[in-house]
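**Q** There's a structure below that I have some questions on.
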Amino acid sequence: MKKNRKYGLEEWLINFAITVIKLVDKLPNTMAPNYHSWQLTRSSISPAQIYGEALGAETNNDFIHKLKIVLKEQRESYVQLKISERLTSSKALENLRLIADNCNKLISFILKNIETTKSGKVKNNS
């Protein structure tokens with residue numbers, strides 16, 4: 001659909017997912033952290049996958065719809081990271097805050113992408 005669309009966001013989302021996976025591997029292996037880790041991993045990986053689908057959208061409306069799902073998952077990741085911050089020892093806290101900050105920047109970028117597409121500044125090249 002968007003021949004001129006850059007793949008920067010896709011790479012950013014993939015790198016974010018990998019960062020979270022590496023973080024989750026360091027969490028304790030007990031029931032509550034395992035459940036939380038699963039939720040965080042799922043919500044952090046799915047935005048990259050869904051954005052990959054969005055790049056193949058057939059219309060701007062389809063693209064916007066998929067981006068809104070990406071946004072929803074990214075926001076869930078942010079909440080999961082905030083929960084992690086409150087459960088984590090002080091030595092890992094700074095790393096968690098950096099990951100959460102990156103997540104928040106992704107949310108802002110995705111919102112801007114949705115607004116730009118809605119405004120018609122990005123044209124359908126199909």
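Ligands are numbered from 1 in the order shown, residues from 1 within each chain, and chains are lettered A, B, ... in the order they appear in the structure tokens.
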Counting only C-alpha atoms, which residues in stretch 10-63 of chain A sit no more than 8 Å from stretch 75-89 of chain A? For each one, give the nearest pair of atoms and the distance in Å, sorted by chain then residue number, as a Markdown table.
**A**
| residue | atom | partner | partner_atom | distance |
| --- | --- | --- | --- | --- |
| A:His36 | CA | A:Gln80 | CA | 7.5 |
| A:Gln39 | CA | A:Gln80 | CA | 7.6 |
| A:Leu40 | CA | A:Gln80 | CA | 5.7 |
| A:Ser43 | CA | A:Ser77 | CA | 5.3 |
| A:Ser44 | CA | A:Ser77 | CA | 5.6 |
**Q** Need the shell around A:Asn104: protein/DNA/RNA residues with any atom at most 12 Å away, counting only C-alpha atoms. Skip same-chain ones fewer than 2 positions apart. Format as a list in words?
**A**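 What passes the distance filter is Leu13, Phe16, Leu71, Glu73, Gln74, Arg75, Glu76, Ser77, Tyr78, Val79, Leu81, Lys82, Arg97, Leu98, Ile99, Ala100, Asp101, Asn102, Leu106, Ile107, Ser108, Phe109, Ile110 and Leu111 of chain A.
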**Q** With N, CA, C and O atoms retained, could you export that selection as a compact mmCIF listing (two decimals), in the first residue's frame?
**A**
# COMPACT_ATOMS: atom_id res chain seq x y z
N LEU A 13 10.04 -1.06 16.69
CA LEU A 13 9.15 -1.97 17.41
C LEU A 13 9.82 -3.33 17.64
O LEU A 13 9.69 -3.94 18.71
N PHE A 16 12.42 -2.90 20.33
CA PHE A 16 11.74 -2.78 21.62
C PHE A 16 11.36 -4.17 22.13
O PHE A 16 11.60 -4.51 23.29
N LEU A 71 -1.11 0.67 18.72
CA LEU A 71 -1.12 1.64 19.82
C LEU A 71 -1.68 1.02 21.10
O LEU A 71 -1.11 1.18 22.18
N GLU A 73 -1.77 -2.14 22.00
CA GLU A 73 -0.81 -3.11 22.55
C GLU A 73 0.39 -2.41 23.18
O GLU A 73 0.90 -2.82 24.22
N GLN A 74 0.84 -1.33 22.54
CA GLN A 74 1.99 -0.59 23.07
C GLN A 74 1.63 0.04 24.42
O GLN A 74 2.44 0.05 25.34
N ARG A 75 0.42 0.54 24.54
CA ARG A 75 -0.03 1.10 25.82
C ARG A 75 -0.09 0.03 26.89
O ARG A 75 0.24 0.28 28.05
N GLU A 76 -0.53 -1.17 26.52
CA GLU A 76 -0.54 -2.26 27.48
C GLU A 76 0.89 -2.58 27.94
O GLU A 76 1.13 -2.81 29.13
N SER A 77 1.83 -2.57 27.03
CA SER A 77 3.23 -2.79 27.39
C SER A 77 3.70 -1.74 28.39
O SER A 77 4.41 -2.06 29.35
N TYR A 78 3.30 -0.50 28.15
CA TYR A 78 3.71 0.58 29.06
C TYR A 78 3.19 0.33 30.48
O TYR A 78 3.93 0.47 31.45
N VAL A 79 1.94 -0.07 30.60
CA VAL A 79 1.36 -0.36 31.92
C VAL A 79 2.10 -1.54 32.56
O VAL A 79 2.44 -1.51 33.74
N LEU A 81 5.14 -2.42 32.06
CA LEU A 81 6.46 -1.94 32.48
C LEU A 81 6.37 -1.13 33.77
O LEU A 81 7.25 -1.23 34.64
N LYS A 82 5.31 -0.35 33.92
CA LYS A 82 5.13 0.41 35.16
C LYS A 82 4.92 -0.55 36.34
O LYS A 82 5.42 -0.31 37.44
N ARG A 97 13.16 1.91 33.72
CA ARG A 97 12.69 3.26 33.40
C ARG A 97 13.08 3.67 31.98
O ARG A 97 12.30 4.32 31.28
N LEU A 98 14.26 3.27 31.54
CA LEU A 98 14.69 3.57 30.17
C LEU A 98 13.81 2.83 29.16
O LEU A 98 13.42 3.40 28.13
N ILE A 99 13.49 1.58 29.45
CA ILE A 99 12.63 0.80 28.55
C ILE A 99 11.23 1.41 28.53
O ILE A 99 10.62 1.56 27.46
N ALA A 100 10.70 1.79 29.69
CA ALA A 100 9.37 2.41 29.76
C ALA A 100 9.37 3.74 29.01
O ALA A 100 8.39 4.08 28.33
N ASP A 101 10.45 4.51 29.13
CA ASP A 101 10.55 5.79 28.41
C ASP A 101 10.54 5.54 26.89
O ASP A 101 9.87 6.25 26.15
N ASN A 102 11.27 4.53 26.45
CA ASN A 102 11.28 4.18 25.03
C ASN A 102 9.88 3.77 24.57
O ASN A 102 9.42 4.15 23.50
N LEU A 106 7.50 5.50 21.71
CA LEU A 106 6.85 4.74 20.64
C LEU A 106 5.36 5.08 20.57
O LEU A 106 4.81 5.27 19.49
N ILE A 107 4.73 5.16 21.73
CA ILE A 107 3.30 5.51 21.77
C ILE A 107 3.07 6.87 21.12
O ILE A 107 2.18 7.03 20.28
N SER A 108 3.89 7.85 21.45
CA SER A 108 3.76 9.19 20.86
C SER A 108 3.97 9.15 19.35
O SER A 108 3.24 9.80 18.59
N PHE A 109 4.95 8.38 18.91
CA PHE A 109 5.26 8.29 17.49
C PHE A 109 4.10 7.63 16.73
O PHE A 109 3.72 8.07 15.65
N ILE A 110 3.54 6.57 17.31
CA ILE A 110 2.41 5.88 16.67
C ILE A 110 1.20 6.81 16.59
O ILE A 110 0.53 6.87 15.56
N LEU A 111 0.93 7.55 17.67
CA LEU A 111 -0.17 8.52 17.65
C LEU A 111 0.02 9.54 16.53
O LEU A 111 -0.93 9.86 15.80
**Q** Which parts of stretch 17-72 of chain A does DSSP call alpha helix (DSSP H) when run on the backbone here, written out as a ChimeraX atom specification?
**A** /A:17-24,31-54,60-72
**Q** I'd like the contact shell of stretch 48-54 of chain A - 10 Å cut-off, only C-alpha atoms, skipping same-chain residues fewer than 3 positions apart - returned as a PDB file with N, CA and C atoms, in the first residue's frame.
**A**
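Result file is out-v3.pdb:
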ATOM      1  N   MET A   1       0.814  -1.190   0.000  1.00  0.00           N
ATOM      2  CA  MET A   1       0.000   0.000   0.000  1.00  0.00           C
ATOM      3  C   MET A   1       0.862   1.261   0.000  1.00  0.00           C
ATOM      4  N   LYS A   2       1.762   1.392   0.888  1.00  0.00           N
ATOM      5  CA  LYS A   2       2.560   2.610   1.026  1.00  0.00           C
ATOM      6  C   LYS A   2       3.981   2.344   0.524  1.00  0.00           C
ATOM      7  N   TYR A   7      10.562   1.933   6.927  1.00  0.00           N
ATOM      8  CA  TYR A   7      10.449   0.799   7.830  1.00  0.00           C
ATOM      9  C   TYR A   7      11.095   1.093   9.178  1.00  0.00           C
ATOM     10  N   LEU A   9       9.825   2.550  11.894  1.00  0.00           N
ATOM     11  CA  LEU A   9       8.968   2.192  13.018  1.00  0.00           C
ATOM     12  C   LEU A   9       8.973   0.687  13.231  1.00  0.00           C
ATOM     13  N   GLU A  10       8.945  -0.065  12.161  1.00  0.00           N
ATOM     14  CA  GLU A  10       8.982  -1.521  12.278  1.00  0.00           C
ATOM     15  C   GLU A  10      10.254  -1.965  13.001  1.00  0.00           C
ATOM     16  N   GLU A  11      11.375  -1.423  12.617  1.00  0.00           N
ATOM     17  CA  GLU A  11      12.648  -1.767  13.276  1.00  0.00           C
ATOM     18  C   GLU A  11      12.647  -1.348  14.741  1.00  0.00           C
ATOM     19  N   TRP A  12      12.105  -0.175  15.017  1.00  0.00           N
ATOM     20  CA  TRP A  12      12.020   0.326  16.382  1.00  0.00           C
ATOM     21  C   TRP A  12      11.169  -0.620  17.239  1.00  0.00           C
ATOM     22  N   LEU A  13      10.036  -1.058  16.694  1.00  0.00           N
ATOM     23  CA  LEU A  13       9.152  -1.975  17.414  1.00  0.00           C
ATOM     24  C   LEU A  13       9.822  -3.333  17.637  1.00  0.00           C
ATOM     25  N   ILE A  14      10.540  -3.815  16.633  1.00  0.00           N
ATOM     26  CA  ILE A  14      11.256  -5.092  16.777  1.00  0.00           C
ATOM     27  C   ILE A  14      12.327  -4.971  17.847  1.00  0.00           C
ATOM     28  N   ASN A  15      13.090  -3.891  17.810  1.00  0.00           N
ATOM     29  CA  ASN A  15      14.143  -3.691  18.818  1.00  0.00           C
ATOM     30  C   ASN A  15      13.559  -3.562  20.223  1.00  0.00           C
ATOM     31  N   PHE A  16      12.419  -2.901  20.325  1.00  0.00           N
ATOM     32  CA  PHE A  16      11.744  -2.784  21.619  1.00  0.00           C
ATOM     33  C   PHE A  16      11.364  -4.172  22.129  1.00  0.00           C
ATOM     34  N   ALA A  17      10.778  -4.987  21.268  1.00  0.00           N
ATOM     35  CA  ALA A  17      10.368  -6.345  21.658  1.00  0.00           C
ATOM     36  C   ALA A  17      11.571  -7.159  22.134  1.00  0.00           C
ATOM     37  N   SER A  43       2.477  -8.460  24.945  1.00  0.00           N
ATOM     38  CA  SER A  43       2.099  -7.095  24.556  1.00  0.00           C
ATOM     39  C   SER A  43       3.253  -6.325  23.926  1.00  0.00           C
ATOM     40  N   SER A  44       4.472  -6.769  24.149  1.00  0.00           N
ATOM     41  CA  SER A  44       5.633  -6.085  23.574  1.00  0.00           C
ATOM     42  C   SER A  44       6.016  -6.615  22.199  1.00  0.00           C
ATOM     43  N   ILE A  45       5.687  -7.865  21.937  1.00  0.00           N
ATOM     44  CA  ILE A  45       6.001  -8.455  20.635  1.00  0.00           C
ATOM     45  C   ILE A  45       4.910  -8.139  19.609  1.00  0.00           C
ATOM     46  N   ALA A  57      -1.584  -3.020   4.403  1.00  0.00           N
ATOM     47  CA  ALA A  57      -2.981  -2.597   4.385  1.00  0.00           C
ATOM     48  C   ALA A  57      -3.392  -2.163   2.974  1.00  0.00           C
ATOM     49  N   GLU A  58      -4.645  -2.415   2.654  1.00  0.00           N
ATOM     50  CA  GLU A  58      -5.137  -2.098   1.320  1.00  0.00           C
ATOM     51  C   GLU A  58      -5.674  -0.676   1.192  1.00  0.00           C
ATOM     52  N   THR A  59      -6.036  -0.077   2.322  1.00  0.00           N
ATOM     53  CA  THR A  59      -6.553   1.290   2.296  1.00  0.00           C
ATOM     54  C   THR A  59      -5.972   2.067   3.475  1.00  0.00           C
ATOM     55  N   ASN A  60      -6.103   3.374   3.419  1.00  0.00           N
ATOM     56  CA  ASN A  60      -5.671   4.192   4.556  1.00  0.00           C
ATOM     57  C   ASN A  60      -6.480   3.856   5.807  1.00  0.00           C
ATOM     58  N   ASP A  62      -7.799   0.972   6.628  1.00  0.00           N
ATOM     59  CA  ASP A  62      -7.292  -0.301   7.135  1.00  0.00           C
ATOM     60  C   ASP A  62      -5.968  -0.076   7.863  1.00  0.00           C
ATOM     61  N   PHE A  63      -5.114   0.750   7.285  1.00  0.00           N
ATOM     62  CA  PHE A  63      -3.830   1.069   7.901  1.00  0.00           C
ATOM     63  C   PHE A  63      -4.037   1.740   9.262  1.00  0.00           C
ATOM     64  N   ILE A  64      -4.931   2.718   9.317  1.00  0.00           N
ATOM     65  CA  ILE A  64      -5.229   3.422  10.568  1.00  0.00           C
ATOM     66  C   ILE A  64      -5.777   2.454  11.610  1.00  0.00           C
ATOM     67  N   HIS A  65      -6.681   1.583  11.191  1.00  0.00           N
ATOM     68  CA  HIS A  65      -7.252   0.594  12.117  1.00  0.00           C
ATOM     69  C   HIS A  65      -6.151  -0.277  12.724  1.00  0.00           C
ATOM     70  N   LYS A  66      -5.248  -0.762  11.889  1.00  0.00           N
ATOM     71  CA  LYS A  66      -4.168  -1.615  12.390  1.00  0.00           C
ATOM     72  C   LYS A  66      -3.210  -0.823  13.290  1.00  0.00           C
ATOM     73  N   LEU A  67      -2.952   0.421  12.933  1.00  0.00           N
ATOM     74  CA  LEU A  67      -2.101   1.259  13.788  1.00  0.00           C
ATOM     75  C   LEU A  67      -2.735   1.477  15.156  1.00  0.00           C
ATOM     76  N   LYS A  68      -4.046   1.604  15.195  1.00  0.00           N
ATOM     77  CA  LYS A  68      -4.730   1.767  16.486  1.00  0.00           C
ATOM     78  C   LYS A  68      -4.577   0.510  17.346  1.00  0.00           C
ATOM     79  N   ILE A  69      -4.542  -0.650  16.725  1.00  0.00           N
ATOM     80  CA  ILE A  69      -4.306  -1.889  17.473  1.00  0.00           C
ATOM     81  C   ILE A  69      -2.866  -1.917  17.978  1.00  0.00           C
ATOM     82  N   VAL A  70      -1.930  -1.476  17.145  1.00  0.00           N
ATOM     83  CA  VAL A  70      -0.525  -1.369  17.572  1.00  0.00           C
ATOM     84  C   VAL A  70      -0.437  -0.457  18.793  1.00  0.00           C
ATOM     85  N   LEU A  71      -1.113   0.672  18.721  1.00  0.00           N
ATOM     86  CA  LEU A  71      -1.118   1.642  19.817  1.00  0.00           C
ATOM     87  C   LEU A  71      -1.677   1.020  21.098  1.00  0.00           C
ATOM     88  N   GLU A  73      -1.772  -2.143  22.003  1.00  0.00           N
ATOM     89  CA  GLU A  73      -0.807  -3.109  22.551  1.00  0.00           C
ATOM     90  C   GLU A  73       0.392  -2.408  23.179  1.00  0.00           C
ATOM     91  N   GLN A  74       0.837  -1.329  22.543  1.00  0.00           N
ATOM     92  CA  GLN A  74       1.989  -0.594  23.074  1.00  0.00           C
ATOM     93  C   GLN A  74       1.634   0.038  24.422  1.00  0.00           C
TER      94      GLN A  74
END
**Q** Rank nothing, just name the residue among A:Leu55, A:Leu27, A:Ala32, A:Ile21 nearest to A:Gly8, using only C-alpha atoms.
**A** A:Leu55
**Q** I need the residue nearest A:Thr117 from this list: A:Cys103, A:Asn61, A:Leu96, A:Ser46. Use only C-alpha atoms for the distance.
**A**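 Looking only at the distances to A:Thr117, the closest residue turns out to be A:Asn61.
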